[in-house]
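*Asks:* Got a file for you: protein_12.tsv, TSV, C-alpha atoms.
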```tsv
chain	number	residue	atom	x	y	z
A	188	MET	CA	39.65	-60.84	38.99
A	189	ALA	CA	35.90	-60.61	38.70
A	190	VAL	CA	33.88	-57.73	40.05
A	191	ILE	CA	30.22	-58.39	40.70
A	192	GLN	CA	27.82	-55.62	41.71
A	193	LYS	CA	24.15	-56.31	42.34
A	194	HIS	CA	21.51	-53.82	43.36
A	195	GLY	CA	17.84	-53.89	44.02
A	196	LYS	CA	15.09	-53.40	41.45
A	197	ASN	CA	15.40	-49.63	41.42
A	198	TYR	CA	18.98	-49.94	40.16
A	199	GLY	CA	18.23	-52.52	37.53
A	200	PRO	CA	20.02	-55.65	36.41
A	201	ASP	CA	22.17	-53.76	33.92
A	202	LEU	CA	24.57	-52.86	36.74
A	203	VAL	CA	25.77	-56.45	37.03
A	204	CYS	CA	29.15	-56.65	35.31
A	205	HIS	CA	31.74	-59.35	34.86
A	206	LYS	CA	35.15	-58.23	33.61
A	207	GLU	CA	38.40	-60.08	33.84
A	208	ASN	CA	41.91	-58.78	34.42
A	209	HIS	CA	41.14	-55.07	34.58
A	210	PRO	CA	43.51	-52.86	36.55
A	211	ALA	CA	42.18	-52.18	40.01
A	212	ASP	CA	43.16	-48.52	39.83
A	213	LYS	CA	41.08	-47.69	36.78
A	214	ILE	CA	37.93	-45.66	37.01
A	215	GLY	CA	35.09	-48.11	37.20
A	216	VAL	CA	34.70	-51.18	35.03
A	217	PRO	CA	34.45	-50.86	31.23
A	218	GLY	CA	30.89	-51.27	30.14
A	219	CYS	CA	29.54	-50.84	33.64
A	220	HIS	CA	30.64	-47.28	34.33
A	221	LYS	CA	28.54	-45.89	31.51
A	222	LYS	CA	25.41	-47.63	32.71
A	223	TRP	CA	26.09	-46.48	36.26
A	224	ALA	CA	26.36	-42.89	35.01
A	225	GLU	CA	23.18	-43.28	33.00
A	226	HIS	CA	21.38	-44.53	36.06
A	227	ASN	CA	22.65	-41.69	38.21
A	228	ASN	CA	21.30	-39.21	35.69
A	229	ASN	CA	17.83	-40.54	36.38
A	230	ASN	CA	18.10	-39.29	39.94
A	231	TRP	CA	20.41	-36.30	39.39
A	232	PRO	CA	19.60	-34.64	36.05
A	233	ARG	CA	22.49	-32.39	35.07
A	234	VAL	CA	24.27	-30.72	32.19
A	235	GLY	CA	27.78	-32.03	31.51
A	236	GLY	CA	30.41	-30.24	33.58
A	237	GLU	CA	32.64	-29.66	30.55
A	238	LYS	CA	29.81	-27.92	28.67
A	239	VAL	CA	28.93	-25.64	31.57
A	240	LEU	CA	32.63	-24.85	31.94
A	241	LEU	CA	32.90	-24.01	28.26
A	242	LEU	CA	29.82	-21.80	28.19
A	243	SER	CA	30.78	-19.87	31.31
A	244	ALA	CA	34.38	-19.32	30.19
A	245	ALA	CA	33.29	-18.01	26.80
A	246	ALA	CA	30.72	-15.73	28.42
A	247	TRP	CA	32.94	-14.26	31.13
A	248	GLY	CA	35.81	-13.83	28.66
A	249	SER	CA	33.58	-11.91	26.27
A	250	MET	CA	32.22	-9.78	29.08
A	251	THR	CA	35.73	-8.96	30.29
A	252	ALA	CA	36.79	-7.91	26.79
A	253	PHE	CA	33.69	-5.69	26.40
A	254	THR	CA	34.12	-4.01	29.80
A	255	PRO	CA	36.06	-0.96	28.42
A	256	ILE	CA	33.37	-0.50	25.77
A	257	LEU	CA	30.67	-0.47	28.44
A	258	ALA	CA	32.64	2.08	30.44
A	259	HIS	CA	33.15	4.46	27.51
A	260	PHE	CA	29.91	4.26	25.56
A	261	CYS	CA	27.16	3.69	28.14
A	262	SER	CA	25.27	6.70	29.40
A	263	GLN	CA	25.38	5.35	32.96
A	264	PRO	CA	28.78	3.66	33.28
A	265	ILE	CA	28.44	3.00	37.01
A	266	PHE	CA	25.26	0.98	36.48
A	267	SER	CA	26.62	-0.91	33.46
A	268	MET	CA	29.93	-1.69	35.16
A	269	THR	CA	28.18	-2.87	38.33
A	270	LEU	CA	25.92	-5.13	36.28
A	271	ALA	CA	28.89	-6.46	34.31
A	272	ARG	CA	30.84	-7.33	37.46
A	273	PHE	CA	27.76	-9.00	38.95
A	274	LEU	CA	27.34	-11.16	35.85
A	275	MET	CA	31.06	-11.93	35.91
A	276	GLY	CA	30.76	-13.33	39.41
A	277	LEU	CA	27.64	-15.25	38.43
A	278	LEU	CA	29.34	-16.87	35.45
A	279	GLN	CA	32.61	-17.61	37.21
A	280	GLY	CA	30.70	-19.08	40.14
A	281	VAL	CA	30.04	-22.27	38.15
A	282	HIS	CA	33.74	-22.82	37.37
A	283	TYR	CA	34.79	-24.87	40.39
A	284	PRO	CA	31.47	-26.76	40.67
A	285	SER	CA	31.87	-27.83	37.04
A	286	LEU	CA	35.41	-28.99	37.72
A	287	ALA	CA	34.21	-30.92	40.76
A	288	SER	CA	31.54	-32.61	38.65
A	289	LEU	CA	34.09	-33.57	35.99
A	290	CYS	CA	36.59	-34.81	38.54
A	291	SER	CA	34.06	-36.97	40.37
A	292	GLN	CA	32.99	-38.65	37.12
A	293	LYS	CA	36.31	-39.12	35.36
A	294	VAL	CA	39.09	-39.29	37.98
A	295	VAL	CA	39.86	-42.19	40.29
A	296	GLU	CA	39.74	-41.49	44.04
A	297	SER	CA	43.49	-41.87	44.56
A	298	GLU	CA	44.25	-39.14	41.99
A	299	ARG	CA	41.63	-36.50	42.79
A	300	GLY	CA	43.69	-34.69	45.41
A	301	PHE	CA	46.55	-33.83	43.07
A	302	LEU	CA	44.17	-32.79	40.29
A	303	MET	CA	42.21	-30.37	42.48
A	304	SER	CA	45.45	-29.05	43.97
A	305	THR	CA	46.83	-28.45	40.49
A	306	VAL	CA	43.68	-26.56	39.56
A	307	GLY	CA	44.01	-24.45	42.70
A	308	SER	CA	47.67	-23.70	42.04
A	309	GLY	CA	46.74	-22.68	38.50
A	310	SER	CA	44.50	-19.92	39.84
A	311	TYR	CA	47.39	-18.61	41.97
A	312	LEU	CA	49.75	-18.73	39.00
A	313	GLY	CA	47.22	-16.91	36.82
A	314	THR	CA	46.87	-14.19	39.45
A	315	LEU	CA	50.63	-13.68	39.50
A	316	VAL	CA	51.05	-13.71	35.71
A	317	ILE	CA	48.19	-11.38	34.86
A	318	GLY	CA	49.14	-9.19	37.80
A	319	GLY	CA	52.69	-8.76	36.54
A	320	ALA	CA	51.81	-8.50	32.84
A	321	GLY	CA	48.83	-6.30	33.66
A	322	SER	CA	51.02	-3.79	35.43
A	323	LEU	CA	53.19	-3.45	32.32
A	324	MET	CA	50.20	-3.16	30.00
A	325	LEU	CA	48.65	-0.61	32.33
A	326	ASP	CA	51.73	1.62	32.08
A	327	LEU	CA	52.28	1.16	28.34
A	328	TYR	CA	48.80	0.91	26.81
A	329	GLY	CA	46.28	1.99	29.46
A	330	TRP	CA	43.84	0.12	31.66
A	331	GLU	CA	41.68	-0.99	28.74
A	332	SER	CA	44.42	-3.27	27.43
A	333	VAL	CA	44.30	-5.42	30.57
A	334	PHE	CA	40.61	-6.21	29.99
A	335	TYR	CA	41.05	-6.78	26.25
A	336	VAL	CA	43.96	-9.20	26.62
A	337	SER	CA	42.64	-11.21	29.59
A	338	GLY	CA	39.17	-11.42	28.05
A	339	LEU	CA	40.43	-12.59	24.67
A	340	LEU	CA	42.68	-15.18	26.33
A	341	ALA	CA	39.64	-16.63	28.12
A	342	VAL	CA	37.68	-16.78	24.87
A	343	MET	CA	40.61	-18.46	23.11
A	344	TRP	CA	40.85	-21.02	25.92
A	345	ALA	CA	37.12	-21.75	25.59
A	346	TYR	CA	37.49	-22.20	21.82
A	347	CYS	CA	40.43	-24.60	22.25
A	348	MET	CA	38.43	-26.60	24.80
A	349	TRP	CA	35.48	-26.82	22.40
A	350	LYS	CA	37.67	-27.68	19.41
A	351	TYR	CA	40.05	-30.22	20.94
A	352	LEU	CA	38.32	-31.63	24.04
A	353	LEU	CA	34.69	-31.63	22.92
A	354	LYS	CA	35.73	-32.22	19.27
A	355	GLY	CA	33.49	-29.42	18.07
A	356	GLU	CA	30.36	-31.28	19.13
A	357	GLY	CA	27.19	-29.39	19.80
A	358	PRO	CA	24.85	-28.12	20.83
A	359	ILE	CA	26.83	-26.82	23.76
A	360	ILE	CA	23.78	-26.43	25.94
A	361	THR	CA	20.02	-26.50	25.34
A	362	LEU	CA	16.97	-25.11	27.03
A	363	GLU	CA	15.72	-28.66	27.48
A	364	SER	CA	18.86	-29.67	29.38
A	365	LEU	CA	18.70	-26.58	31.54
A	366	GLY	CA	15.03	-27.11	32.29
A	367	SER	CA	15.10	-30.86	32.70
A	368	GLY	CA	12.84	-31.83	35.53
A	369	GLY	CA	9.11	-32.51	35.36
A	370	PRO	CA	8.38	-35.74	37.19
A	371	GLN	CA	12.02	-36.01	38.25
A	372	SER	CA	11.85	-32.87	40.40
A	373	LYS	CA	10.22	-34.68	43.30
A	374	VAL	CA	12.88	-37.37	43.27
A	375	THR	CA	15.60	-34.73	43.17
A	376	LYS	CA	14.13	-32.86	46.12
A	377	ARG	CA	13.91	-36.06	48.13
A	378	HIS	CA	17.55	-36.82	47.39
A	379	TRP	CA	18.60	-33.31	48.40
A	380	LEU	CA	16.74	-33.55	51.69
A	381	ARG	CA	18.32	-36.91	52.39
A	382	LEU	CA	21.76	-35.55	51.56
A	383	PHE	CA	21.43	-32.57	53.88
A	384	LYS	CA	20.45	-34.91	56.72
A	385	GLN	CA	23.84	-36.61	56.45
A	386	PRO	CA	26.27	-35.29	59.12
A	387	ALA	CA	29.22	-35.69	56.73
A	388	VAL	CA	27.57	-33.47	54.11
A	389	CYS	CA	26.74	-30.77	56.66
A	390	ALA	CA	30.31	-30.98	57.95
A	391	VAL	CA	31.71	-30.44	54.46
A	392	ILE	CA	29.49	-27.40	53.87
A	393	ILE	CA	30.26	-25.79	57.22
A	394	THR	CA	34.00	-26.46	56.92
A	395	HIS	CA	34.13	-25.01	53.41
A	396	LEU	CA	32.15	-22.02	54.67
A	397	CYS	CA	34.78	-21.41	57.36
A	398	THR	CA	37.68	-21.94	54.96
A	399	ALA	CA	36.26	-19.56	52.36
A	400	SER	CA	35.42	-16.92	54.97
A	401	THR	CA	38.91	-16.83	56.43
A	402	PHE	CA	40.54	-16.88	52.99
A	403	PHE	CA	38.45	-13.96	51.71
A	404	THR	CA	39.16	-12.03	54.89
A	405	LEU	CA	42.91	-12.48	54.55
A	406	LEU	CA	42.76	-11.65	50.86
A	407	SER	CA	40.83	-8.44	51.54
A	408	TRP	CA	42.66	-7.10	54.59
A	409	LEU	CA	46.30	-8.25	54.30
A	410	PRO	CA	47.33	-5.45	51.88
A	411	THR	CA	45.91	-2.86	54.31
A	412	PHE	CA	47.59	-4.61	57.23
A	413	PHE	CA	51.01	-4.36	55.58
A	414	LYS	CA	50.51	-0.75	54.51
A	415	ASP	CA	49.42	0.30	57.99
A	416	THR	CA	52.00	-1.72	59.90
A	417	PHE	CA	54.94	-1.36	57.52
A	418	PRO	CA	54.31	1.82	55.49
A	419	ASP	CA	57.84	1.89	54.03
A	420	ALA	CA	57.81	-1.72	52.81
A	421	LYS	CA	57.68	-2.52	49.10
A	422	GLY	CA	54.21	-3.59	48.10
A	423	TRP	CA	55.27	-6.20	45.55
A	424	VAL	CA	56.95	-8.26	48.29
A	425	PHE	CA	53.82	-9.07	50.29
A	426	ASN	CA	51.66	-9.19	47.14
A	427	VAL	CA	53.86	-11.75	45.36
A	428	ILE	CA	55.77	-13.93	47.82
A	429	PRO	CA	52.74	-15.55	49.56
A	430	TRP	CA	51.34	-16.65	46.20
A	431	LEU	CA	54.71	-17.98	45.10
A	432	VAL	CA	54.69	-20.13	48.23
A	433	ALA	CA	51.06	-21.18	47.68
A	434	ILE	CA	51.73	-22.75	44.27
A	435	PRO	CA	54.24	-25.46	45.29
A	436	SER	CA	52.43	-25.94	48.59
A	437	SER	CA	49.19	-26.72	46.79
A	438	LEU	CA	50.92	-29.18	44.45
A	439	PHE	CA	52.70	-30.87	47.35
A	440	SER	CA	49.48	-31.32	49.30
A	441	GLY	CA	47.83	-33.01	46.34
A	442	TYR	CA	50.78	-35.32	45.78
A	443	LEU	CA	50.97	-36.18	49.48
A	444	SER	CA	47.29	-37.01	49.83
A	445	ASP	CA	47.20	-39.18	46.71
A	446	HIS	CA	50.41	-40.92	47.75
A	447	LEU	CA	49.01	-41.77	51.18
A	448	ILE	CA	45.76	-43.10	49.70
A	449	SER	CA	47.63	-45.20	47.12
A	450	LYS	CA	49.69	-46.69	49.96
A	451	GLY	CA	46.55	-47.93	51.64
A	452	PHE	CA	45.84	-45.22	54.20
A	453	ASP	CA	42.17	-44.61	54.96
A	454	THR	CA	40.74	-41.93	52.68
A	455	THR	CA	38.80	-40.27	55.50
A	456	SER	CA	41.94	-40.00	57.63
A	457	VAL	CA	43.91	-38.50	54.75
A	458	ARG	CA	41.21	-35.87	54.08
A	459	LYS	CA	41.18	-34.96	57.78
A	460	LEU	CA	44.98	-34.74	57.88
A	461	MET	CA	45.03	-32.33	54.93
A	462	GLN	CA	42.35	-30.19	56.54
A	463	PHE	CA	44.27	-30.19	59.82
A	464	PHE	CA	47.24	-28.63	58.05
A	465	SER	CA	44.95	-26.19	56.22
A	466	MET	CA	43.01	-24.90	59.22
A	467	GLY	CA	44.97	-26.02	62.27
A	468	ILE	CA	48.65	-25.51	61.54
A	469	SER	CA	47.97	-22.39	59.46
A	470	SER	CA	46.19	-20.83	62.45
A	471	VAL	CA	49.42	-21.03	64.45
A	472	PHE	CA	51.12	-18.72	61.95
A	473	THR	CA	48.05	-16.47	61.84
A	474	LEU	CA	48.23	-16.00	65.61
A	475	LEU	CA	51.91	-15.07	65.35
A	476	LEU	CA	50.82	-11.99	63.39
A	477	CYS	CA	49.00	-10.67	66.46
A	478	GLY	CA	52.21	-9.67	68.23
A	479	ASN	CA	54.90	-7.17	67.37
A	480	THR	CA	56.95	-8.44	64.48
A	481	THR	CA	59.26	-7.23	61.75
A	482	PHE	CA	58.38	-7.01	58.07
A	483	PRO	CA	60.41	-10.09	57.01
A	484	TRP	CA	58.86	-12.20	59.77
A	485	ALA	CA	55.35	-10.93	58.97
A	486	THR	CA	55.87	-11.82	55.31
A	487	ALA	CA	57.11	-15.27	56.33
A	488	PHE	CA	54.10	-15.86	58.63
A	489	VAL	CA	51.64	-14.76	55.94
A	490	SER	CA	53.37	-16.92	53.34
A	491	ALA	CA	53.20	-19.95	55.65
A	492	THR	CA	49.53	-19.23	56.35
A	493	MET	CA	48.59	-18.95	52.69
A	494	GLY	CA	50.70	-21.95	51.75
A	495	LEU	CA	49.16	-24.22	54.37
A	496	THR	CA	45.66	-22.98	53.52
A	497	THR	CA	46.03	-24.59	50.08
A	498	PHE	CA	45.99	-28.03	51.73
A	499	SER	CA	42.20	-27.71	51.74
A	500	HIS	CA	42.28	-28.53	48.00
A	501	SER	CA	43.14	-32.08	49.09
A	502	GLY	CA	40.80	-31.98	52.07
A	503	VAL	CA	37.32	-30.53	52.14
A	504	SER	CA	37.34	-29.44	48.49
A	505	VAL	CA	37.79	-32.99	47.22
A	506	ASN	CA	35.81	-34.66	50.00
A	507	VAL	CA	32.56	-33.60	48.34
A	508	GLN	CA	33.48	-35.90	45.45
A	509	ASP	CA	33.97	-38.78	47.87
A	510	LEU	CA	30.56	-38.24	49.42
A	511	ALA	CA	28.36	-37.58	46.41
A	512	PRO	CA	30.03	-38.20	43.02
A	513	SER	CA	26.65	-38.28	41.27
A	514	CYS	CA	25.95	-34.64	42.24
A	515	ALA	CA	29.38	-33.30	43.23
A	516	GLY	CA	29.06	-30.23	41.01
A	517	ALA	CA	25.72	-29.17	42.45
A	518	LEU	CA	26.83	-29.81	46.02
A	519	PHE	CA	30.07	-27.89	45.46
A	520	GLY	CA	27.96	-25.03	44.13
A	521	VAL	CA	25.98	-24.99	47.38
A	522	MET	CA	29.25	-24.94	49.32
A	523	ASN	CA	30.65	-22.10	47.22
A	524	THR	CA	27.48	-20.06	47.59
A	525	CYS	CA	27.53	-20.41	51.35
A	526	GLY	CA	31.24	-19.59	51.41
A	527	ALA	CA	30.80	-16.47	49.28
A	528	PHE	CA	28.01	-15.05	51.46
A	529	SER	CA	29.82	-15.84	54.68
A	530	GLY	CA	33.00	-14.36	53.24
A	531	VAL	CA	31.29	-11.03	52.56
A	532	LEU	CA	29.90	-10.94	56.09
A	533	MET	CA	33.20	-11.85	57.70
A	534	VAL	CA	35.15	-9.26	55.70
A	535	TYR	CA	32.70	-6.59	56.86
A	536	PHE	CA	32.74	-7.78	60.48
A	537	SER	CA	36.54	-7.91	60.49
A	538	GLY	CA	36.63	-4.29	59.38
A	539	TYR	CA	34.29	-3.38	62.20
A	540	LEU	CA	36.54	-5.17	64.71
A	541	ILE	CA	39.66	-3.43	63.43
A	542	GLU	CA	38.01	-0.03	63.59
A	543	SER	CA	36.43	-0.52	67.01
A	544	THR	CA	39.45	-2.11	68.70
A	545	GLY	CA	42.22	-0.36	66.80
A	546	SER	CA	44.10	-3.64	66.67
A	547	TRP	CA	44.83	-6.05	63.87
A	548	GLY	CA	45.05	-8.81	66.45
A	549	SER	CA	41.26	-8.88	66.72
A	550	MET	CA	40.95	-9.82	63.06
A	551	PHE	CA	43.62	-12.51	63.25
A	552	GLY	CA	42.00	-13.88	66.41
A	553	LEU	CA	38.63	-14.06	64.64
A	554	ILE	CA	40.21	-15.90	61.71
A	555	THR	CA	41.79	-18.41	64.07
A	556	ALA	CA	38.53	-19.00	65.93
A	557	VAL	CA	36.57	-19.60	62.71
A	558	ASN	CA	39.28	-21.93	61.42
A	559	LEU	CA	39.30	-24.00	64.58
A	560	LEU	CA	35.50	-24.21	64.58
A	561	GLY	CA	35.45	-25.57	61.03
A	562	LEU	CA	38.33	-27.93	61.75
A	563	CYS	CA	36.65	-29.43	64.83
A	564	ILE	CA	33.44	-30.06	62.88
A	565	PHE	CA	35.34	-31.68	60.02
A	566	LEU	CA	37.41	-33.90	62.30
A	567	ALA	CA	34.30	-35.01	64.17
A	568	PHE	CA	31.89	-35.73	61.31
A	569	ALA	CA	33.78	-36.00	58.01
A	570	GLU	CA	33.63	-39.28	56.09
A	571	ALA	CA	34.71	-40.49	52.67
A	572	ARG	CA	31.99	-43.06	51.93
A	573	ARG	CA	29.27	-42.43	49.38
A	574	VAL	CA	26.06	-40.99	50.82
A	575	ASP	CA	24.25	-40.20	47.55
A	576	ILE	CA	22.89	-43.75	47.29
A	577	ASP	CA	19.76	-44.57	49.22
A	578	PRO	CA	20.61	-47.67	51.27
A	579	SER	CA	16.95	-48.63	51.57
A	580	LYS	CA	16.80	-49.10	47.80
A	581	ILE	CA	19.78	-51.45	47.67
A	582	ARG	CA	19.17	-55.15	48.34
A	583	HIS	CA	22.69	-56.36	47.74
A	584	HIS	CA	26.05	-54.77	47.04
A	585	ASN	CA	29.07	-57.07	47.27
A	586	ILE	CA	32.48	-57.15	45.64
A	587	HIS	CA	33.96	-60.62	45.13
A	588	ILE	CA	37.63	-60.98	44.24
```
Turn the structure described in the file into structure tokens.
*Replies:*
Amino acid sequence: MAVIQKHGKNYGPDLVCHKENHPADKIGVPGCHKKWAEHNNNNWPRVGGEKVLLLSAAAWGSMTAFTPILAHFCSQPIFSMTLARFLMGLLQGVHYPSLASLCSQKVVESERGFLMSTVGSGSYLGTLVIGGAGSLMLDLYGWESVFYVSGLLAVMWAYCMWKYLLKGEGPIITLESLGSGGPQSKVTKRHWLRLFKQPAVCAVIITHLCTASTFFTLLSWLPTFFKDTFPDAKGWVFNVIPWLVAIPSSLFSGYLSDHLISKGFDTTSVRKLMQFFSMGISSVFTLLLCGNTTFPWATAFVSATMGLTTFSHSGVSVNVQDLAPSCAGALFGVMNTCGAFSGVLMVYFSGYLIESTGSWGSMFGLITAVNLLGLCIFLAFAEARRVDIDPSKIRHHNIHI
């Protein structure tokens, strides 16, 4: 089988490749993929996702380990702790964008859903493990031990990544790579403006904004909901069971989406189906929390809600890699930023609704409305075709088998 790709003068003749008998499911064509990546870097200058991931993990791990020292030895511990937590959020904010950048460059389309779902389930598992182990360390050795152990584990992970994945290569990051731009800045701005004019890109951003807002709201207010509604219930039940459900649910969604794509189903339809489960079906269980219910049923409804929400890892979260693989990390960063700000606002507004109405149903109704809004936008405008290539600059692009 021969694959022939020809582009206009702006893409250069080096993108024309002839390779025989290569598996159709591999990532790109040997010899051509590298040149394609090199070309993309001309339009989208970036630092490698693995290097940003390494730097941020080492930095936030070190900051976590030094947190008790800041609290004990600084003259103004409130200021130092606030600054430390702000920097923690800043450094951890590049984690998922870096993963999205790596995934878009190195993982074939039919395997991205399961990878991103596995990454998402890993965060839930980490929350459960450090939560359980942290409680024991808190009782036996004091609160400082939790920061020391979790921080050192992050630093050790960063060292292992540098040693075994990057093979000890350096420099990790340079000022030149961070400040790359100059004459390319105008091209980059033009590409960003063209991207944001694409309905599919706007749909991804808005849908992720809605998903993040509702998730942060549930994460912030569910413990208070259970304590107010079921004061005699054991806290570990509603703090543990939903996350235990979320882990296999996330893995299943990734497997299901990749399986459907590998069987020939349209990628856009699969992404929309996953998002329908994440925002549509989960809203049914959220609405069931509005009425009078018992503690076991409330726990079951919350677990179903959180489990179905993880389907977004195979929906909107991976759709950004379908749309713009050459700048997936940067675009995911824009999505995360919008989601974080909207999440803060929605958590605050939900608290206002609960206080003014005296009913938890108002919060669950708001969550449902936001979910349905994001779902309708995604179903109407989402696509899975690449939009980071300027069609006016391409004279010819055919695949002959």
*Asks:* Just to confirm, what's the straight-line distance from CA of Gln279 in chain A to CA of Val239 in chain A in Å (one decimal)?
*Replies:*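 Straight-line distance from CA of Gln279 in chain A to CA of Val239 in chain A works out to 10.5 Å.
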*Asks:* Would you mind telling me which residue in A:Pro483, A:Gly552, A:Pro410, A:Pro255 lies nearest to Glu331 in chain A when using all atoms listed in the file?
*Replies:*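 For Glu331 in chain A, the nearest of the given residues is A:Pro255.
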*Asks:* Quick one: pull the distance between CA of His259 in chain A and CA of Val336 in chain A, Å, one decimal.
*Replies:*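 Computed distance, CA of His259 in chain A to CA of Val336 in chain A, equals 17.4 Å.
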*Asks:* Kindly give the distance, in Å, that separates CA of Pro284 in chain A and CA of Gly520 in chain A, rounded to a single decimal.
*Replies:*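 Pair CA of Pro284 in chain A / CA of Gly520 in chain A returns 5.2 Å.
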*Asks:* Residues of range 217-335 of chain A that have any atom at most 10 Å from an atom of range 439-456 of chain A: could you tabulate them with the shortest-distance atom pair and the distance in Å to one decimal, using all atoms listed in the file, ordered by chain and increasing number, as a tab-separated table?
*Replies:*
```
residue	atom	partner	partner_atom	distance
A:Glu296	CA	A:Asp445	CA	8.3
A:Ser297	CA	A:Asp445	CA	5.1
A:Glu298	CA	A:Asp445	CA	5.6
A:Arg299	CA	A:Asp445	CA	7.3
A:Gly300	CA	A:Gly441	CA	4.6
A:Phe301	CA	A:Gly441	CA	3.6
A:Leu302	CA	A:Gly441	CA	7.1
A:Met303	CA	A:Gly441	CA	7.3
A:Ser304	CA	A:Gly441	CA	5.2
A:Thr305	CA	A:Gly441	CA	7.5
```
*Asks:* Nearest to Ile393 in chain A: which of A:Gly561, A:Gly313, A:Gly307, A:Gly276 is it, counting only C-alpha atoms?
*Replies:*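 Residue with the minimum atom-to-atom distance to Ile393 in chain A: A:Gly561.
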*Asks:* Have a look at A:Leu405, A:Ile564, A:Val531, A:Leu540 and name the one nearest to Thr496 in chain A; count only C-alpha atoms.
*Replies:*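 Result for the nearest residue to Thr496 in chain A: A:Leu405.
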*Asks:* So, counting only C-alpha atoms, which residue among A:Val574, A:Leu518, A:Val306, A:Ala245 is closest to Leu340 in chain A?
*Replies:* A:Ala245
*Asks:* Using all atoms listed in the file, pick whichever of A:Trp379, A:Trp408, A:Trp349, A:Trp247 has the shortest atom-to-atom distance to Ser337 in chain A.
*Replies:*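 Among the listed residues, the smallest separation from Ser337 in chain A belongs to A:Trp247.
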*Asks:* What's around Gln292 in chain A at 9 Å? Count all atoms listed in the file, leave out sequence neighbours fewer than 3 positions away in its own chain, and write the answer as a PyMOL selection string.
*Replies:* chain A and resi 214+224+287-289+295+508+512-513+515
*Asks:* Which one of A:Glu542, A:Thr416, A:Met533, A:Ile468 sits closest to Ala485 in chain A if you count all atoms listed in the file?
*Replies:*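 Under the stated criterion, the closest residue is A:Thr416.
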*Asks:* Name the residues in contact with Phe498 in chain A at a cut-off of 7 Å, using all atoms listed in the file, excluding same-chain residues fewer than 6 positions from it; report them as a PyMOL selection string.
*Replies:* chain A and resi 437+440+461-462+464-465
*Asks:* Using only C-alpha atoms, which residues sit within 12 Å of Ala571 in chain A once same-chain residues fewer than 2 positions away are excluded, as an MDAnalysis selection string?
*Replies:* chainID A and resid 296 386:388 390:391 448 453:459 502:503 505:512 565:566 568:569 573:575
*Asks:* For the residues selected in the previous step, produce a file with C-alpha atoms as a PDB file, keeping the file's coordinate frame.
*Replies:*
```
ATOM      1  CA  GLU A 296      39.740 -41.490  44.040  1.00  0.00           C
ATOM      2  CA  PRO A 386      26.270 -35.290  59.120  1.00  0.00           C
ATOM      3  CA  ALA A 387      29.220 -35.690  56.730  1.00  0.00           C
ATOM      4  CA  VAL A 388      27.570 -33.470  54.110  1.00  0.00           C
ATOM      5  CA  ALA A 390      30.310 -30.980  57.950  1.00  0.00           C
ATOM      6  CA  VAL A 391      31.710 -30.440  54.460  1.00  0.00           C
ATOM      7  CA  ILE A 448      45.760 -43.100  49.700  1.00  0.00           C
ATOM      8  CA  ASP A 453      42.170 -44.610  54.960  1.00  0.00           C
ATOM      9  CA  THR A 454      40.740 -41.930  52.680  1.00  0.00           C
ATOM     10  CA  THR A 455      38.800 -40.270  55.500  1.00  0.00           C
ATOM     11  CA  SER A 456      41.940 -40.000  57.630  1.00  0.00           C
ATOM     12  CA  VAL A 457      43.910 -38.500  54.750  1.00  0.00           C
ATOM     13  CA  ARG A 458      41.210 -35.870  54.080  1.00  0.00           C
ATOM     14  CA  LYS A 459      41.180 -34.960  57.780  1.00  0.00           C
ATOM     15  CA  GLY A 502      40.800 -31.980  52.070  1.00  0.00           C
ATOM     16  CA  VAL A 503      37.320 -30.530  52.140  1.00  0.00           C
ATOM     17  CA  VAL A 505      37.790 -32.990  47.220  1.00  0.00           C
ATOM     18  CA  ASN A 506      35.810 -34.660  50.000  1.00  0.00           C
ATOM     19  CA  VAL A 507      32.560 -33.600  48.340  1.00  0.00           C
ATOM     20  CA  GLN A 508      33.480 -35.900  45.450  1.00  0.00           C
ATOM     21  CA  ASP A 509      33.970 -38.780  47.870  1.00  0.00           C
ATOM     22  CA  LEU A 510      30.560 -38.240  49.420  1.00  0.00           C
ATOM     23  CA  ALA A 511      28.360 -37.580  46.410  1.00  0.00           C
ATOM     24  CA  PRO A 512      30.030 -38.200  43.020  1.00  0.00           C
ATOM     25  CA  PHE A 565      35.340 -31.680  60.020  1.00  0.00           C
ATOM     26  CA  LEU A 566      37.410 -33.900  62.300  1.00  0.00           C
ATOM     27  CA  PHE A 568      31.890 -35.730  61.310  1.00  0.00           C
ATOM     28  CA  ALA A 569      33.780 -36.000  58.010  1.00  0.00           C
ATOM     29  CA  ARG A 573      29.270 -42.430  49.380  1.00  0.00           C
ATOM     30  CA  VAL A 574      26.060 -40.990  50.820  1.00  0.00           C
ATOM     31  CA  ASP A 575      24.250 -40.200  47.550  1.00  0.00           C
TER      32      ASP A 575
END
```
